[in-house]
Amino acid sequence: MGDSERKLFVLDTNILLHEPYAIFSFQEHDVVIPMTVLEELDRLKDSKRDIARDARVAIRALEDIFHDATPEQISEGIPLSQDHNVKGTISILADYQIKETVKAFADKAGDNRILNAVLYLQNKRSPREVVLITKDINMRLRAKGAGVRFVDDYRSDQLIDDVQFLTKGFRQIEGDFWQKVGNVESRTIGRNTLHTIDSNTLESAFINQYVIDEHDDFAARVQSIEGEQIQIKDIGRERLMHRQAWGIHPKNIYQGMALDALLDPDIDLVILTGPAGCGKTILAMAAALEQNIERKMYDKIIVTRNTPEIAESIGFLPGTEEEKMMPWLAAITDTLEALHQHDVCTDGSLKYICDKANLQFKSINFMRGRSIQNAFVLLDECQNLTASQIKTIITRCGEGTKLVCSGNLAQIDSPYLTPVTSGLTYIVERFKNFEGSANIYLNGVVRSRLAEFAEENL
């Protein structure tokens, strides 16, 4: 480990819990795992928390690397890959033998040992760069205060550098769209009008991206991209604004685009993002009821979301799985009440609709291993899920299933997620070129004037 051009990366425990195979992201450099990290993984692997599985996966990954190595080789460093072009190594540092230079509260003993290990390597391996990688913001601050020169977050899972660069799923053209179009070829297929235009008119366009302009009549959606030509489907703003589902009409053009995607049978995944009160949940539920009950397109509606670890698990609540989930799915029941508030008997309507639509409330913790067929699935509060958790849900969806993921990146509760590393951001970027998905950012708060003022001024 004497190559001065290579960096030394010391990984904190939360990196391996966030991404169990993170060790393979540093193949051109050297990775050091402090013994304290292994102890914390050992303590977490048998816990009842969601991260126990990730702890076990990380431990198995390390075992695969070190299983034939001698203690001397483990201390010196084992090659991360059999490829001779990859020079990176991984080693375990017995940090309990290092003399303490950082002392603090007893409950932070593990963090202190890791900081001591980094400072030890920093002095011993100079002039090589020793970098502490941790997702704990306060740990990064403490490390800098203790004298660690290089501290960073784990960024290999970040597809964008800033959430403001996240695609919104639509393009708003200044002025009149047709004034900016040169050559155009139009044709009508059934009720649909398709226009073929040059790709330089819509740079960086992607499939199912909506296009609107500042005038009040134009709205379209990208159908296909072939070489230097883009084919768009002319929808018309008036037609978008007159879409309806279960008695709900769009209140603005953004809701119109969302409802168009939700009601399109050719789109399997709809991602709805936006501030609180923009209508994500009510549009999704209205579309679900419309297509399940009126159009008979699905056999059931499944509503699911992550249960926060603040309560450890849903097991402590009484009742069935659906009854246990009710405290976390109050937003859905509120939405159902809003959709039927003018009925003669709201409670009776809700019970009838839930039975008629076969509405099921499920915990995301019990979705692994399932295969969901012919269902409308609403995954709420996606901003608190990691990319692997959302992958677990998406890979459950079988034939005839439509998945709607909704969330607000400004309301992340997870201690290790940021708007950039959230699973919601991840799928928006990963699926933007998939012909079976659409993503819409709903501008504007329509819940009430009070909610709108709060969103803008607080």
# chains A, B, ... in the order shown; residues from 1 in each chain; ligands from 1

call {"tool": "select_by_dssp", "arguments": {"residues": "segment 178-319 of chain A", "states": "strand (DSSP E)", "output": "VMD selection string"}}
result
chain A and resid 184 to 189 192 to 198 210 to 213 219 to 226 229 to 234 269 to 273 300 to 305

call {"tool": "write_last_selection", "arguments": {"atoms": "N, CA and C atoms", "output": "tab-separated table (two decimals), in the first residue's frame"}}
result
chain	number	residue	atom	x	y	z
A	184	VAL	N	-41.44	20.35	-40.51
A	184	VAL	CA	-42.34	19.50	-39.74
A	184	VAL	C	-43.15	18.63	-40.70
A	185	GLU	N	-43.31	17.38	-40.32
A	185	GLU	CA	-44.14	16.45	-41.10
A	185	GLU	C	-45.25	15.95	-40.18
A	186	SER	N	-46.49	16.17	-40.54
A	186	SER	CA	-47.63	15.81	-39.69
A	186	SER	C	-48.46	14.72	-40.34
A	187	ARG	N	-48.99	13.84	-39.51
A	187	ARG	CA	-49.90	12.80	-40.00
A	187	ARG	C	-50.87	12.43	-38.90
A	188	THR	N	-52.02	11.92	-39.30
A	188	THR	CA	-53.07	11.57	-38.35
A	188	THR	C	-53.28	10.06	-38.37
A	189	ILE	N	-53.24	9.46	-37.18
A	189	ILE	CA	-53.50	8.03	-37.02
A	189	ILE	C	-54.66	7.89	-36.04
A	192	ASN	N	-55.25	10.44	-33.12
A	192	ASN	CA	-53.99	11.08	-32.74
A	192	ASN	C	-53.33	11.78	-33.92
A	193	THR	N	-52.79	12.95	-33.65
A	193	THR	CA	-52.00	13.70	-34.64
A	193	THR	C	-50.54	13.67	-34.21
A	194	LEU	N	-49.68	13.17	-35.11
A	194	LEU	CA	-48.25	13.05	-34.81
A	194	LEU	C	-47.46	14.01	-35.69
A	195	HIS	N	-46.50	14.70	-35.07
A	195	HIS	CA	-45.62	15.61	-35.79
A	195	HIS	C	-44.20	15.09	-35.70
A	196	THR	N	-43.47	15.11	-36.82
A	196	THR	CA	-42.06	14.75	-36.83
A	196	THR	C	-41.25	16.02	-37.05
A	197	ILE	N	-40.37	16.33	-36.10
A	197	ILE	CA	-39.59	17.57	-36.15
A	197	ILE	C	-38.11	17.25	-35.99
A	198	ASP	N	-37.26	18.24	-36.23
A	198	ASP	CA	-35.81	18.06	-36.07
A	198	ASP	C	-35.46	18.00	-34.58
A	210	TYR	N	-43.24	15.77	-21.76
A	210	TYR	CA	-44.29	16.67	-22.22
A	210	TYR	C	-43.67	17.99	-22.69
A	211	VAL	N	-44.32	18.61	-23.66
A	211	VAL	CA	-43.85	19.88	-24.21
A	211	VAL	C	-45.02	20.85	-24.21
A	212	ILE	N	-44.84	21.99	-23.55
A	212	ILE	CA	-45.87	23.04	-23.54
A	212	ILE	C	-45.17	24.36	-23.85
A	213	ASP	N	-45.97	25.36	-24.23
A	213	ASP	CA	-45.39	26.68	-24.46
A	213	ASP	C	-46.14	27.72	-23.66
A	219	ALA	N	-49.86	21.69	-26.46
A	219	ALA	CA	-49.33	20.70	-25.53
A	219	ALA	C	-49.09	19.42	-26.31
A	220	ALA	N	-47.95	18.79	-26.07
A	220	ALA	CA	-47.61	17.57	-26.79
A	220	ALA	C	-46.77	16.67	-25.91
A	221	ARG	N	-46.55	15.44	-26.38
A	221	ARG	CA	-45.71	14.49	-25.65
A	221	ARG	C	-44.80	13.78	-26.64
A	222	VAL	N	-43.53	13.64	-26.26
A	222	VAL	CA	-42.56	12.99	-27.13
A	222	VAL	C	-42.90	11.50	-27.24
A	223	GLN	N	-43.06	11.02	-28.47
A	223	GLN	CA	-43.42	9.62	-28.71
A	223	GLN	C	-42.20	8.75	-29.00
A	224	SER	N	-41.30	9.28	-29.83
A	224	SER	CA	-40.12	8.50	-30.18
A	224	SER	C	-38.99	9.43	-30.62
A	225	ILE	N	-37.76	8.94	-30.49
A	225	ILE	CA	-36.57	9.68	-30.91
A	225	ILE	C	-35.74	8.76	-31.78
A	226	GLU	N	-35.58	9.12	-33.05
A	226	GLU	CA	-34.83	8.30	-33.99
A	226	GLU	C	-33.81	9.17	-34.70
A	229	GLN	N	-34.37	12.99	-35.63
A	229	GLN	CA	-35.80	13.31	-35.72
A	229	GLN	C	-36.52	12.89	-34.45
A	230	ILE	N	-37.47	13.74	-34.04
A	230	ILE	CA	-38.29	13.48	-32.86
A	230	ILE	C	-39.75	13.47	-33.29
A	231	GLN	N	-40.47	12.47	-32.86
A	231	GLN	CA	-41.91	12.40	-33.15
A	231	GLN	C	-42.68	12.76	-31.88
A	232	ILE	N	-43.55	13.75	-31.99
A	232	ILE	CA	-44.35	14.18	-30.84
A	232	ILE	C	-45.83	13.97	-31.12
A	233	LYS	N	-46.56	13.66	-30.09
A	233	LYS	CA	-48.01	13.47	-30.18
A	233	LYS	C	-48.69	14.75	-29.73
A	234	ASP	N	-49.47	15.35	-30.60
A	234	ASP	CA	-50.17	16.60	-30.29
A	234	ASP	C	-51.38	16.29	-29.41
A	269	LEU	N	-45.11	2.94	-15.58
A	269	LEU	CA	-44.57	3.58	-14.38
A	269	LEU	C	-44.77	5.09	-14.49
A	270	VAL	N	-45.44	5.67	-13.50
A	270	VAL	CA	-45.63	7.11	-13.44
A	270	VAL	C	-44.97	7.61	-12.16
A	271	ILE	N	-44.10	8.61	-12.29
A	271	ILE	CA	-43.40	9.17	-11.13
A	271	ILE	C	-43.90	10.59	-10.93
A	272	LEU	N	-44.50	10.84	-9.77
A	272	LEU	CA	-45.05	12.16	-9.47
A	272	LEU	C	-44.23	12.80	-8.35
A	273	THR	N	-43.66	13.96	-8.62
A	273	THR	CA	-42.92	14.70	-7.61
A	273	THR	C	-43.51	16.09	-7.50
A	300	LYS	N	-57.12	-5.12	-8.68
A	300	LYS	CA	-56.99	-4.62	-7.31
A	300	LYS	C	-56.14	-3.36	-7.30
A	301	ILE	N	-56.25	-2.64	-6.19
A	301	ILE	CA	-55.41	-1.46	-5.96
A	301	ILE	C	-54.59	-1.75	-4.70
A	302	ILE	N	-53.27	-1.65	-4.82
A	302	ILE	CA	-52.38	-1.87	-3.68
A	302	ILE	C	-51.71	-0.55	-3.33
A	303	VAL	N	-51.87	-0.14	-2.09
A	303	VAL	CA	-51.24	1.09	-1.60
A	303	VAL	C	-50.18	0.69	-0.59
A	304	THR	N	-48.97	1.16	-0.79
A	304	THR	CA	-47.88	0.78	0.12
A	304	THR	C	-46.94	1.96	0.35
A	305	ARG	N	-46.26	1.93	1.46
A	305	ARG	CA	-45.23	2.92	1.77
A	305	ARG	C	-44.31	2.35	2.83

call {"tool": "closest_atom_pairs", "arguments": {"of": "segment 271-290 of chain A", "to": "segment 344-363 of chain A", "cutoff": "10 Å", "atoms": "only C-alpha atoms", "output": "CSV"}}
result
residue,atom,partner,partner_atom,distance
A:Ala288,CA,A:Ala357,CA,8.8
A:Leu289,CA,A:Ala357,CA,6.8
A:Glu290,CA,A:Ala357,CA,9.6

call {"tool": "write_last_selection", "arguments": {"atoms": "all heavy atoms", "output": "mmCIF file, in the first residue's frame"}}
result
data_model
loop_
_atom_site.group_PDB
_atom_site.id
_atom_site.type_symbol
_atom_site.label_atom_id
_atom_site.label_comp_id
_atom_site.auth_asym_id
_atom_site.auth_seq_id
_atom_site.Cartn_x
_atom_site.Cartn_y
_atom_site.Cartn_z
ATOM 1 N N ALA A 288 -56.676 5.557 -10.084
ATOM 2 C CA ALA A 288 -56.755 4.144 -9.706
ATOM 3 C C ALA A 288 -58.213 3.679 -9.644
ATOM 4 O O ALA A 288 -58.565 2.626 -10.192
ATOM 5 C CB ALA A 288 -56.076 3.932 -8.351
ATOM 6 N N LEU A 289 -59.059 4.458 -8.992
ATOM 7 C CA LEU A 289 -60.473 4.082 -8.871
ATOM 8 C C LEU A 289 -61.170 4.099 -10.232
ATOM 9 O O LEU A 289 -61.984 3.217 -10.539
ATOM 10 C CB LEU A 289 -61.179 5.032 -7.901
ATOM 11 C CG LEU A 289 -60.721 4.961 -6.435
ATOM 12 C CD1 LEU A 289 -61.367 6.063 -5.614
ATOM 13 C CD2 LEU A 289 -61.037 3.602 -5.826
ATOM 14 N N GLU A 290 -60.858 5.100 -11.037
ATOM 15 C CA GLU A 290 -61.470 5.209 -12.369
ATOM 16 C C GLU A 290 -61.148 3.981 -13.222
ATOM 17 O O GLU A 290 -62.034 3.396 -13.856
ATOM 18 C CB GLU A 290 -60.961 6.478 -13.055
ATOM 19 C CG GLU A 290 -61.437 6.674 -14.481
ATOM 20 C CD GLU A 290 -62.890 7.117 -14.574
ATOM 21 O OE1 GLU A 290 -63.411 7.659 -13.579
ATOM 22 O OE2 GLU A 290 -63.494 6.909 -15.643
#

call {"tool": "select_by_dssp", "arguments": {"residues": "segment 228-413 of chain A", "states": "helix (DSSP H, G or I)", "output": "PyMOL selection string"}}
result
chain A and resi 237-241+253-262+280-294+309-311+314-316+321-325+330-339+346-356+364-366+382-384+387-394

call {"tool": "atom_distance", "arguments": {"atom1": "atom CA of Arg370 of chain A", "atom2": "atom CA of Tyr298 of chain A"}}
result
17.2 Å

call {"tool": "atom_distance", "arguments": {"atom1": "atom CA of Glu214 of chain A", "atom2": "atom CA of Lys180 of chain A"}}
result
12.7 Å

call {"tool": "residues_around", "arguments": {"residues": "Ser422 of chain A", "least_positions_apart": "3", "cutoff": "6 Å", "atoms": "only C-alpha atoms", "output": "PDB file with N, CA and C atoms, in the first residue's frame"}}
result
ATOM      1  N   GLN A 383     -39.669   9.464  -1.309  1.00  0.00           N
ATOM      2  CA  GLN A 383     -38.427  10.201  -1.044  1.00  0.00           C
ATOM      3  C   GLN A 383     -37.630   9.581   0.100  1.00  0.00           C
ATOM      4  N   THR A 386     -34.451   4.122  -0.399  1.00  0.00           N
ATOM      5  CA  THR A 386     -33.201   4.047  -1.144  1.00  0.00           C
ATOM      6  C   THR A 386     -33.483   3.456  -2.528  1.00  0.00           C
ATOM      7  N   LEU A 417     -30.275   9.830   3.809  1.00  0.00           N
ATOM      8  CA  LEU A 417     -30.642  10.206   2.451  1.00  0.00           C
ATOM      9  C   LEU A 417     -30.703  11.717   2.294  1.00  0.00           C
ATOM     10  N   THR A 418     -30.315  12.189   1.137  1.00  0.00           N
ATOM     11  CA  THR A 418     -30.452  13.582   0.758  1.00  0.00           C
ATOM     12  C   THR A 418     -31.265  13.616  -0.535  1.00  0.00           C
ATOM     13  N   PRO A 419     -31.738  14.790  -0.965  1.00  0.00           N
ATOM     14  CA  PRO A 419     -32.472  14.849  -2.237  1.00  0.00           C
ATOM     15  C   PRO A 419     -31.689  14.255  -3.410  1.00  0.00           C
ATOM     16  N   THR A 425     -35.108  10.277  -6.653  1.00  0.00           N
ATOM     17  CA  THR A 425     -34.245  10.947  -7.629  1.00  0.00           C
ATOM     18  C   THR A 425     -33.606   9.924  -8.563  1.00  0.00           C
TER      19      THR A 425
END

call {"tool": "atom_distance", "arguments": {"atom1": "atom CA of Phe150 of chain A", "atom2": "atom CA of Lys135 of chain A"}}
result
13.9 Å

call {"tool": "residues_around", "arguments": {"residues": "Glu238 of chain A", "least_positions_apart": "3", "cutoff": "12 Å", "atoms": "only C-alpha atoms", "output": "short mmCIF file (atom, residue, chain, number, x, y, z; two decimals) with N, CA and C atoms, in the first residue's frame"}}
result
data_model
loop_
_atom_site.label_atom_id
_atom_site.label_comp_id
_atom_site.auth_asym_id
_atom_site.auth_seq_id
_atom_site.Cartn_x
_atom_site.Cartn_y
_atom_site.Cartn_z
N ILE A 212 -44.84 21.99 -23.55
CA ILE A 212 -45.87 23.04 -23.54
C ILE A 212 -45.17 24.36 -23.85
N HIS A 215 -48.12 29.97 -24.71
CA HIS A 215 -49.48 30.22 -25.21
C HIS A 215 -50.44 29.21 -24.58
N ASP A 216 -51.69 29.39 -24.77
CA ASP A 216 -52.68 28.59 -24.05
C ASP A 216 -53.26 27.43 -24.85
N ASP A 217 -52.66 27.09 -25.99
CA ASP A 217 -53.30 26.05 -26.80
C ASP A 217 -52.41 24.84 -27.08
N PHE A 218 -51.08 24.98 -27.00
CA PHE A 218 -50.21 23.89 -27.42
C PHE A 218 -49.78 23.01 -26.24
N ALA A 219 -49.86 21.69 -26.46
CA ALA A 219 -49.33 20.70 -25.53
C ALA A 219 -49.09 19.42 -26.31
N ALA A 220 -47.95 18.79 -26.07
CA ALA A 220 -47.61 17.57 -26.79
C ALA A 220 -46.77 16.67 -25.91
N ASP A 234 -49.47 15.35 -30.60
CA ASP A 234 -50.17 16.60 -30.29
C ASP A 234 -51.38 16.29 -29.41
N ILE A 235 -51.33 16.75 -28.18
CA ILE A 235 -52.43 16.48 -27.24
C ILE A 235 -53.39 17.66 -27.19
N MET A 241 -56.68 19.70 -20.14
CA MET A 241 -57.41 20.31 -19.03
C MET A 241 -58.80 19.73 -18.86
N HIS A 242 -59.29 18.99 -19.85
CA HIS A 242 -60.63 18.39 -19.74
C HIS A 242 -60.57 16.89 -19.43
N ARG A 243 -59.37 16.38 -19.16
CA ARG A 243 -59.30 15.00 -18.69
C ARG A 243 -59.96 14.90 -17.33
N PRO A 250 -58.26 18.39 -13.70
CA PRO A 250 -57.00 19.11 -13.41
C PRO A 250 -57.27 20.57 -13.05
N ASN A 252 -54.57 22.71 -12.94
CA ASN A 252 -53.56 23.44 -13.71
C ASN A 252 -52.98 22.49 -14.75
N ILE A 253 -52.14 23.01 -15.63
CA ILE A 253 -51.60 22.22 -16.73
C ILE A 253 -50.72 21.08 -16.23
N GLY A 256 -52.86 18.33 -15.37
CA GLY A 256 -53.36 17.78 -16.62
C GLY A 256 -52.38 16.79 -17.23
N MET A 257 -51.10 17.13 -17.22
CA MET A 257 -50.08 16.21 -17.74
C MET A 257 -49.99 14.95 -16.88
#

call {"tool": "residues_around", "arguments": {"residues": "Leu80 of chain A", "least_positions_apart": "2", "cutoff": "8 Å", "atoms": "only C-alpha atoms", "output": "list in words"}}
result
Phe24, Gln27, Ile65, Ile78, Gln82, Val86, Lys87, Gly88, Thr89 and Ile90 of chain A

call {"tool": "closest_residue", "arguments": {"among": "A:Arg396, A:Arg430, A:Arg237, A:Lys402", "to": "Ala261 of chain A", "atoms": "only C-alpha atoms"}}
result
A:Lys402

call {"tool": "residues_around", "arguments": {"residues": "Glu455 of chain A", "least_positions_apart": "2", "cutoff": "8 Å", "atoms": "only C-alpha atoms", "output": "list in words"}}
result
Pro275, Ala276, Val445, Ala451, Glu452, Phe453, Asn457 and Leu458 of chain A

call {"tool": "write_last_selection", "arguments": {"atoms": "N, CA, C and O atoms", "output": "short mmCIF file (atom, residue, chain, number, x, y, z; two decimals), in the first residue's frame"}}
result
data_model
loop_
_atom_site.label_atom_id
_atom_site.label_comp_id
_atom_site.auth_asym_id
_atom_site.auth_seq_id
_atom_site.Cartn_x
_atom_site.Cartn_y
_atom_site.Cartn_z
N PRO A 275 -44.22 19.70 -4.47
CA PRO A 275 -44.39 20.14 -3.08
C PRO A 275 -45.65 19.57 -2.45
O PRO A 275 -46.53 19.03 -3.14
N ALA A 276 -45.75 19.69 -1.12
CA ALA A 276 -46.94 19.24 -0.41
C ALA A 276 -48.15 20.04 -0.89
O ALA A 276 -48.09 21.26 -1.02
N VAL A 445 -49.20 24.73 -5.55
CA VAL A 445 -49.94 24.10 -4.45
C VAL A 445 -51.42 24.44 -4.62
O VAL A 445 -51.80 25.60 -4.69
N ALA A 451 -52.12 26.59 2.48
CA ALA A 451 -50.99 25.71 2.16
C ALA A 451 -50.08 26.33 1.11
O ALA A 451 -48.86 26.22 1.18
N GLU A 452 -50.68 27.03 0.15
CA GLU A 452 -49.89 27.69 -0.89
C GLU A 452 -49.00 28.78 -0.31
O GLU A 452 -47.81 28.89 -0.63
N PHE A 453 -49.58 29.59 0.60
CA PHE A 453 -48.79 30.67 1.22
C PHE A 453 -47.66 30.09 2.07
O PHE A 453 -46.54 30.59 2.07
N ASN A 457 -43.68 30.83 1.58
CA ASN A 457 -43.11 31.80 2.50
C ASN A 457 -42.46 31.22 3.75
O ASN A 457 -41.83 31.96 4.51
N LEU A 458 -42.62 29.93 4.00
CA LEU A 458 -42.02 29.34 5.21
C LEU A 458 -40.77 28.56 4.85
O LEU A 458 -40.64 28.04 3.76
#

call {"tool": "closest_residue", "arguments": {"among": "A:Ser81, A:Ser371, A:Thr320, A:Tyr120", "to": "Lys99 of chain A", "atoms": "only C-alpha atoms"}}
result
A:Tyr120
